[in-house]
Each structure stands twice: as C-alpha cells, then as structure tokens.
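Below: one structure, written as structure tokens.
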Amino acid sequence: MLRLRQESTAPWTSRRGRRPATLGVMSPATLPAPVSGDEQTPGCAVVWSPQLADYDFGPYHPMSPVRLTLTHELACEAGLLQRPGVQIIDAPVASRDQLATVHTDAYLDAVARASEPLDLAAHDELISFGIGGDDVPAFRGMHTASARLVGGSIAAVDAIRSGRVHRAVHVAGGMHHARPGRASGFCIYNDAAVAIRHALAAGEERVLYIDVDVHHGDGVEMALWDEPRAITLSLHETGEVLFPGTGFIQDSGGTAAQGSAINVPLPPRTGPDGWLRAVEATVPALARAIRPTLLVTQHGADTHRMDPLADFTVTLEAQRAAMEILRDVADEVCDGRWLALGGGGYAVIDVVPRSWAQLIAVATGDPIPGDDALPDAYVAAESRARLEHGIPDEPGGRCWGDRVPLAQRRPWSEGMDPEDPLDRAIQAARRAAFPEWGLDPFLD
Ligand SMILES: [Zn+2]
C-alpha cells in the first residue's frame, strides 16, 4: 500500500499554510485525549431518544421510523447497549443558530411553516423548498423532529470531543440529501453537514466524511463544497441511473477546496465483493493521505440486495465488513475518533434493523457473527411490526447475516481487469482523486 508521500508534496499542505489563525485550530497533539484506558473497548456513545421516531412522513412513505425503533429493539435485546463503555446520549433539538451554519434563513422559515397546519397558498410556496409531494411531504412537528436528528449528531460530536468516548453511533442521522436551501430525498435538515461544521468551529482540524449509502451524498458535498477542512468521499451507484443524479468523478470541490470532494460512482448491480473491492481500493489510502482528526461515516443500508429503491446486490455480510474497514481506518488515522451515522434503507424490517444493530455492535466492541440467531424478544417485536406493515413473516426464522459468505477478495495491488465495468469505475475514480492527495492512481 502506498503511503503518504512527503508532506510538502501533498496539496493539503499549501492550504494548511494559508489557514487563518483565528479559526482556533488545534493540532493533533492538543486534541482532548480519550478517557477510556481500555484499548479493547474504547468508549462509545449511542444516540437514542424515542422521539427520534417522530421523523415520520406517514404510513405510505418508504422511510418508516419502524426501522429506527426495531434497530433500537435489536440492539437492546442483543445486549449491545449494556456493553462496557457504552453511554446512551439523548438527542436534543438543534437550535436555529446551529441549523443556520448550513441552512438558509428562508429555508428554515419554510420548514417552520410546514410544521403547522397549512393553507392552500402555503403548499405552492413550500414546493419551491422541496417540501410537499411524495418525497418530503409536510407533517406536523416537522421542524422539531428534523432538528432533533441534527441535535443527536451534534451531541455525538461533543461526546467525542469531550474525550468521554472515542466513538459514537447515531442511526437516525445521516440525512445526506438535504441541501442548504431545499429538502430532498426524504431529508429535511442535513445533520451530517451541521455536525461537521460544529466540529470544525469547535476546533477540529480536519474532518473526513465517508458515505457508503447507495445514493450519492450530494447535500453534504454541496454544503461543504468550499470547505478545505472537510473532505467528503462518497461511494454510490452512478448518478447516470440513480437519484440524485450527481456524484461524478470530476466533481472534486470548490476552487478554495480542490480535492476536498471525492466521488466513486459504481455500476448498477454492484455486488458484495465488488462493492468491498471499491471500498478497499479507495478509502484506506485516501484516509491515510488526508489524515483527518475525526472520521464521520454514513451507513445507508440501501446498498442491500433487498432494498426496493436501488440496484446494488450487497449483503449484510459485506455491510458489516465495510463497517469494520471504516472502524479500522478511524483507529489507524485519527485515534479511533469516529462518528457513525445511519442514512437510507427502505427494507425497513427485513434489512435495516440488522444492518444498523450490527453497526452498533462494531462500534461498541465485537461484531455479531452472521450465523447467530436473532434474540427471541426481537423476533416477536419484528413479527408485530410485520403485521402492522402488512409484510408477511419470514418462514424458518432468520439470523444476523444473509448466510452469504464473502468471497476471497482480490486486492487492487494485484491489478485491475480493464474489461470489468466495476474495475474501470474504480480506476477512473482513483485517477480523478488520488493525485490531489499525492497518491499514485495506478499503484498501491
Ligand atoms: Zn440512500
């Protein structure tokens, strides 16, 4: 694996040199030291409040909050929240000032209006802010519910920065499509972007955001487009065929932050082994070169083969492997300082709870083996949810994984197949992004 070249050759260096002293940036040596002395079980915050389920577009919307309540149920029943070093933290409602670090005043006013009973004239006005219609219908209490998701991500950053924990998980977060002035793709406020802004304002030197949702993390990229201290890296199904239609390799950040946006668009029907090949061929090398002080990841579960809104065929085994890769990256490059968020995922009973409870398992200690049976109490809760949602019960019961073992992966260092569309996509992304960070796109 190619290591970071001499620091003086990295494009980042010149930007660091121009950084104004007034930002109050802390060097890595002055970052708060994590309190936990146990290397095996670094402390982990898990954000949870039952009110997070108030983010609810109604019974006919694909993003049902049952995916959150069942994830919490599974994490509880599996004993994950009782593991050593786990701290449950509340999700307070983010303030208007906090939201305004990313969102426009006009948009914040529009969401506030959408949270109240609406007259007909209001509908026309709100639609220009992306509110209304099938994707982001207005609902009572919309502002408070959405701002609570943001508050959870901010609280997670604060928990890490205080030194109380190394890691934090907030599965209700990851609303990566929300734009500064517009709702989009079921996302109202962009908790990831606000949390990253919050971290930078608090003194974080450099934040790396990695998004493995099947959709491009367009809202986060856009909000941080000109911010050289925040680097966004999104792996997703190509925007040529999938919403939101963005995230191409040539999109690399604003003029003040060239190289700070990195996109790895992948072909439709990318499977578990190809997806992990893409992650491994891009993420670790870039993370080592970028040298963040905090890693923020978005774990949309909609890469899964059962997801109704996208075309990848990824498995729970591969999603778990990606979580472990990202955890290891945080351990290697930023002392384990890692905030993991949820995101998309529309197989709300069949897939998301197992994927995100596994995320909590990976962040709080050991992952759960894929062959392990689901706890009986969770299976009962899941059956009740199936009945409520009109989804038939799974015959024969299920376990934590999909019972699809991962293949032996061929490392990128052993070469690429120019006839394979996936390899060509990975190579194109490396050619676009690696030189900006002093890396060789052809060799590891
Ligand atoms: Zn998605």
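Ordering of the structure tokens sets the chain letters (A, B, ...), residue numbers begin anew at 1 in every chain, and ligands are numbered from 1 in the order given.
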Query raised in the report: Counting only C-alpha atoms and all ligand atoms, which protein, DNA or RNA residues come within 10 Å of ligand 1, given as an MDAnalysis selection string?
Result: chainID A and resid 174:177 185:186 211:217 236:237 242:244 298:303 307 309:310 342:346
Query raised in the report: If you count only C-alpha atoms, which residues fall within 12 Å of A:Cys187, apart from same-chain ones fewer than 2 positions away, as a VMD selection string?
Result: chain A and resid 55 to 57 63 111 129 to 131 135 to 138 142 to 143 145 to 147 149 to 150 172 to 185 189 to 192 217 to 220 343 to 344
Query raised in the report: Quick one: residues within 8 Å of A:Thr71, only C-alpha atoms counted, chain neighbours fewer than 3 positions away excluded, as a PyMOL selection string?
Result: chain A and resi 67-68+74-75+352-354+356-357
Query - All helix (DSSP H, G or I) positions in stretch 106-153 of chain A, as a list in words - result: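 Residues of stretch 106-153 of chain A classed as helix (DSSP H, G or I): Ala106, Tyr107, Leu108, Asp109, Ala110, Val111, Ala112, Arg113, Ala114, Leu120, Ala121, Ala122, His123, Asp124, Glu125, Leu126, Ile127, Met142, His143, Thr144, Ala145, Ser146, Ala147, Arg148, Leu149, Val150, Gly151, Gly152 and Ser153 of chain A.
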Query raised in the report: To one decimal place, how far is atom CA of A:Ala256 from atom CA of A:Thr232 in Å?
Result: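 These atoms are spaced 14.5 Å apart.
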Query - Residue nearest A:Pro367 among A:Leu99, A:Leu406, A:Leu276, A:Leu316 (counting only C-alpha atoms) - result: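 Smallest distance to A:Pro367 is found for A:Leu316.
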